[in-house]
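For reference, final_10.tsv is printed below; it contains TSV, C-alpha atoms.
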```tsv
chain	number	residue	atom	x	y	z
A	1	MET	CA	61.35	101.09	88.23
A	2	ALA	CA	65.09	101.65	87.81
A	3	ASN	CA	67.33	99.22	85.98
A	4	PRO	CA	68.62	96.65	88.56
A	5	TYR	CA	72.09	96.63	86.97
A	6	ARG	CA	72.38	100.43	87.31
A	7	ARG	CA	71.29	100.17	90.96
A	8	LEU	CA	74.01	97.56	91.57
A	9	LEU	CA	76.67	99.74	89.92
A	10	ALA	CA	75.65	102.65	92.16
A	11	LEU	CA	76.49	100.51	95.23
A	12	LEU	CA	80.00	99.59	94.06
A	13	PRO	CA	82.98	101.91	94.65
A	14	THR	CA	84.53	103.55	91.59
A	15	THR	CA	88.12	103.18	92.85
A	16	PRO	CA	89.46	99.97	94.43
A	17	ARG	CA	90.61	99.87	98.05
A	18	GLN	CA	94.17	98.59	98.27
A	19	VAL	CA	96.42	97.70	101.21
A	20	GLY	CA	100.05	98.72	101.50
A	21	GLU	CA	102.96	99.40	103.84
A	22	VAL	CA	104.15	102.96	104.43
A	23	ILE	CA	107.79	103.28	103.35
A	24	SER	CA	108.33	107.04	103.76
A	25	VAL	CA	106.57	110.17	105.02
A	26	SER	CA	107.27	113.75	103.92
A	27	GLY	CA	104.77	116.19	105.40
A	28	SER	CA	101.34	115.13	104.17
A	29	ARG	CA	102.83	113.08	101.28
A	30	VAL	CA	103.20	109.38	102.04
A	31	CYS	CA	104.93	106.73	99.90
A	32	VAL	CA	103.06	103.41	100.12
A	33	ASP	CA	104.30	100.02	98.86
A	34	LEU	CA	101.06	98.37	97.72
A	35	VAL	CA	100.71	94.62	98.17
A	36	GLY	CA	101.46	93.11	94.76
A	37	CYS	CA	101.06	96.36	92.78
A	38	GLY	CA	104.05	98.66	93.23
A	39	VAL	CA	104.61	102.01	94.93
A	40	ARG	CA	102.17	104.93	95.10
A	41	THR	CA	102.47	108.44	96.54
A	42	CYS	CA	99.39	109.35	98.57
A	43	GLN	CA	98.08	112.08	100.84
A	44	GLY	CA	97.17	111.40	104.42
A	45	ASP	CA	98.48	110.72	107.89
A	46	ALA	CA	100.50	107.56	108.58
A	47	GLN	CA	103.61	106.24	110.28
A	48	VAL	CA	106.54	104.55	108.55
A	49	GLY	CA	106.20	100.76	108.69
A	50	GLY	CA	102.44	100.84	109.25
A	51	MET	CA	99.84	99.21	107.02
A	52	VAL	CA	97.18	101.48	105.49
A	53	TYR	CA	94.15	101.35	103.20
A	54	VAL	CA	94.49	103.43	100.02
A	55	GLU	CA	91.70	104.58	97.68
A	56	GLY	CA	92.89	106.58	94.70
A	57	ASP	CA	95.56	108.92	96.09
A	58	GLN	CA	94.09	109.15	99.61
A	59	ILE	CA	94.87	107.11	102.72
A	60	THR	CA	91.49	106.12	104.12
A	61	GLY	CA	92.53	104.29	107.27
A	62	VAL	CA	94.85	101.99	109.16
A	63	ALA	CA	94.94	98.33	108.04
A	64	PRO	CA	95.82	95.42	110.31
A	65	SER	CA	99.39	94.08	110.08
A	66	LEU	CA	98.73	90.45	109.22
A	67	PRO	CA	101.36	87.88	108.23
A	68	VAL	CA	101.71	86.90	104.57
A	69	VAL	CA	101.48	83.18	103.79
A	70	VAL	CA	102.54	81.77	100.40
A	71	VAL	CA	101.12	78.37	99.46
A	72	GLU	CA	102.65	76.41	96.56
A	73	VAL	CA	100.61	73.74	94.85
```
If you convert what's in this file into structure tokens, what do you get?
Amino acid sequence: MANPYRRLLALLPTTPRQVGEVISVSGSRVCVDLVGCGVRTCQGDAQVGGMVYVEGDQITGVAPSLPVVVVEV
């Protein structure tokens, strides 16, 4: 029987999926402003102003454009 911890690690992705807004497009190169993390240059197909999912340096899909709410305690 395999180690349960190793089986769990095999299910988890190696790179995190992040959400960001496309700020510029130049051919297949896309500049994405990640939510809370900075700016990253990625490869993929997107439109300026749209929200996308990013894994590593690849755009993996379109993310929903949801409002941001800041709550102070």
Next item on the list: Could you please determine the separation between CA of Thr41 in chain A and CA of Leu11 in chain A in Å, to one decimal place?
Entry: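 So the answer is 27.2 Å.
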Margin query: Using all atoms listed in the file and a cutoff of 9 Å, can you tell me which residues are near (102.8, 93.0, 102.4) in the file's coordinates, and write them out as JSON, numbers by chain?
Written below: {"A": [19, 20, 21, 33, 34, 35, 36, 51, 65, 66, 67, 68]}
Next item on the list: Can you work out which one of A:Gly61, A:Glu55, A:Val30, A:Thr15 has the shortest atom-to-atom distance to Gln43 in chain A, counting all atoms listed in the file?
Entry: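 Of all the options, A:Val30 lies closest to Gln43 in chain A.
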Next item on the list: Considering only C-alpha atoms, state which residue in the set A:Arg29, A:Val71, A:Cys37, A:Ile23 is at the smallest distance from Gly50 in chain A.
Entry: A:Ile23
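Between CA of Pro16 in chain A and CA of Ile59 in chain A there is a distance of 12.2 Å.
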